[in-house]
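Some notes on the structure that comes next.
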Amino acid sequence: MKLKSSTLWILAIALGVAGGVALFETQSTQKQAQQQQQAKLFGFAEADIQQLTLKLGDRTVQLDRRANFQPGQTLWELRLNGGAAEPASDGAVAFLTSLLASSQRDRTIERSPAQLAELGLDRPRAEITMRLKTGQQHRLAIGQAGFDDSFLYALVDPPQPLPGKVSVALIPKDFQLATVDRPLAEWKQPPPPPSPSPSGSVTPSPTAGPTVSPTASPTASPSPTTSPSPAASP
């Protein structure tokens with residue numbers, strides 16, 4: 001069966017349109033993935049982080065991933081203010097490392113170095129230095145919250161010295177919970193719950209049986225005598 005030339009043209013146009021739509025969707029998906037990758041704060045994975053150093057004012061929190069991790073140990077070691085190493089709270093560390101590896105910037109604004117004080121970035125509330133397994137280092141400086149309290153101003157890997165125009169990232173507010181607002185004690189491994197003490201055997205106390213009170217047997221009362229009814233008078 002031969003097809004008419006008009007039918008062939010329609011089929012060719014339909015195939016061309018379908019191919020164009022498929023190509024557009026592929027390019028759109030790739031562009032979205034590229035934009036999401038560019039919006040990420042950092043390009044490393046959570047498992048790549050080997051060491052974290054947090055500077056919180058005059059306090060320092062250093063976290064090191066254990067080289068020889070064994071069951072029963074915490075994955076991270078903690079040093080507070082340069083002190084001795086102790087087990088860290090893996091939950092607190094995981095919350096921070098997850099944010100560092102997966103968070104995206106809401107947007108980026110440009111400010112001069114003199115304007116950074118208005119954003120709390122001349123003296124950051126928290127400075128995080130990350131060292132990866134490859135030895136590469138990254139830095140995140142966290143300033144104050146934005147005007148609507150839904151994000152934080154931050155510097156992501158700021159160059160030194162600062163250029164005439166500085167890129168300021170707007171990052172999730174969760175970073176404040178993970179760093180600034182977390183008490184130092186919460187970086188430590190929580191103590192194990194106390195083991196229950198063995199309870200002594202309880203001897204049941206004897207219970208007195210019910211006392212049956214004697215009941216008096218009822219005395220039959222004499223039945224009343226019925227008097228004859230008077231006869232009706234005629």
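Chain identifiers are assigned as A, B, and so on, following the order in which chains appear in the structure tokens; residues are numbered from 1 within each chain, and ligands are numbered from 1 in order of appearance.
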
| task | From a DSSP pass on the backbone, collect the residues of range 83-189 of chain A flagged as helix (DSSP H, G or I) and hand them back as a ChimeraX atom specification. | result | /A:90-102,113-119,174-180,184-187

Could you write those residues out with C-alpha atoms, as a short mmCIF file (atom, residue, chain, number, x, y, z; two decimals), in the first residue's frame?
data_model
loop_
_atom_site.label_atom_id
_atom_site.label_comp_id
_atom_site.auth_asym_id
_atom_site.auth_seq_id
_atom_site.Cartn_x
_atom_site.Cartn_y
_atom_site.Cartn_z
CA ASP A 90 27.71 11.85 66.03
CA GLY A 91 24.18 13.22 65.70
CA ALA A 92 25.28 16.83 66.16
CA VAL A 93 28.16 16.40 63.72
CA ALA A 94 25.99 14.64 61.12
CA PHE A 95 23.50 17.52 61.18
CA LEU A 96 26.26 19.98 60.33
CA THR A 97 28.05 17.85 57.71
CA SER A 98 24.75 17.17 55.94
CA LEU A 99 24.07 20.90 55.71
CA LEU A 100 27.55 21.61 54.38
CA ALA A 101 27.34 18.93 51.68
CA SER A 102 23.76 19.43 50.49
CA PRO A 113 34.21 45.09 51.99
CA ALA A 114 33.12 48.19 53.94
CA GLN A 115 29.48 47.05 53.77
CA LEU A 116 30.15 43.62 55.28
CA ALA A 117 29.77 45.05 58.78
CA GLU A 118 26.10 45.71 58.03
CA LEU A 119 25.65 41.96 57.45
CA ASP A 174 19.48 25.81 59.84
CA PHE A 175 23.17 26.71 59.98
CA GLN A 176 22.43 28.86 63.02
CA LEU A 177 20.92 25.86 64.84
CA ALA A 178 23.89 23.70 63.86
CA THR A 179 26.59 26.14 65.00
CA VAL A 180 25.80 29.40 66.78
CA LEU A 184 29.24 23.32 73.70
CA ALA A 185 27.97 20.47 75.86
CA GLU A 186 25.85 19.17 72.97
CA TRP A 187 28.97 18.46 70.91
#

| field | Selection: 7 Å around range 58-74 of chain A, only C-alpha atoms, excl. self and same-chain fewer than 6 positions, as a list in words | value |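 With the cut-off at 7 Å, the set is Gln50, Gln51, Leu52, Leu80, Asn81, Pro87, Ala88 and Asp90 of chain A.
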
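Separating CA of Ile49 in chain A from CA of Thr108 in chain A is a distance of 24.8 Å.
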
| query | Which of these residues is nearest to Ala145 in chain A, using only C-alpha atoms: A:Arg123, A:Lys165, A:Lys173, A:Thr129? | reply |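 Of A:Arg123, A:Lys165, A:Lys173, A:Thr129, the one nearest Ala145 in chain A is A:Lys173, counting only C-alpha atoms.
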
| request: To one decimal in Å, tell me the separation between CA of Gln104 in chain A and CA of Ala154 in chain A. | output: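 About the pair CA of Gln104 in chain A and CA of Ala154 in chain A: they are 11.9 Å apart.
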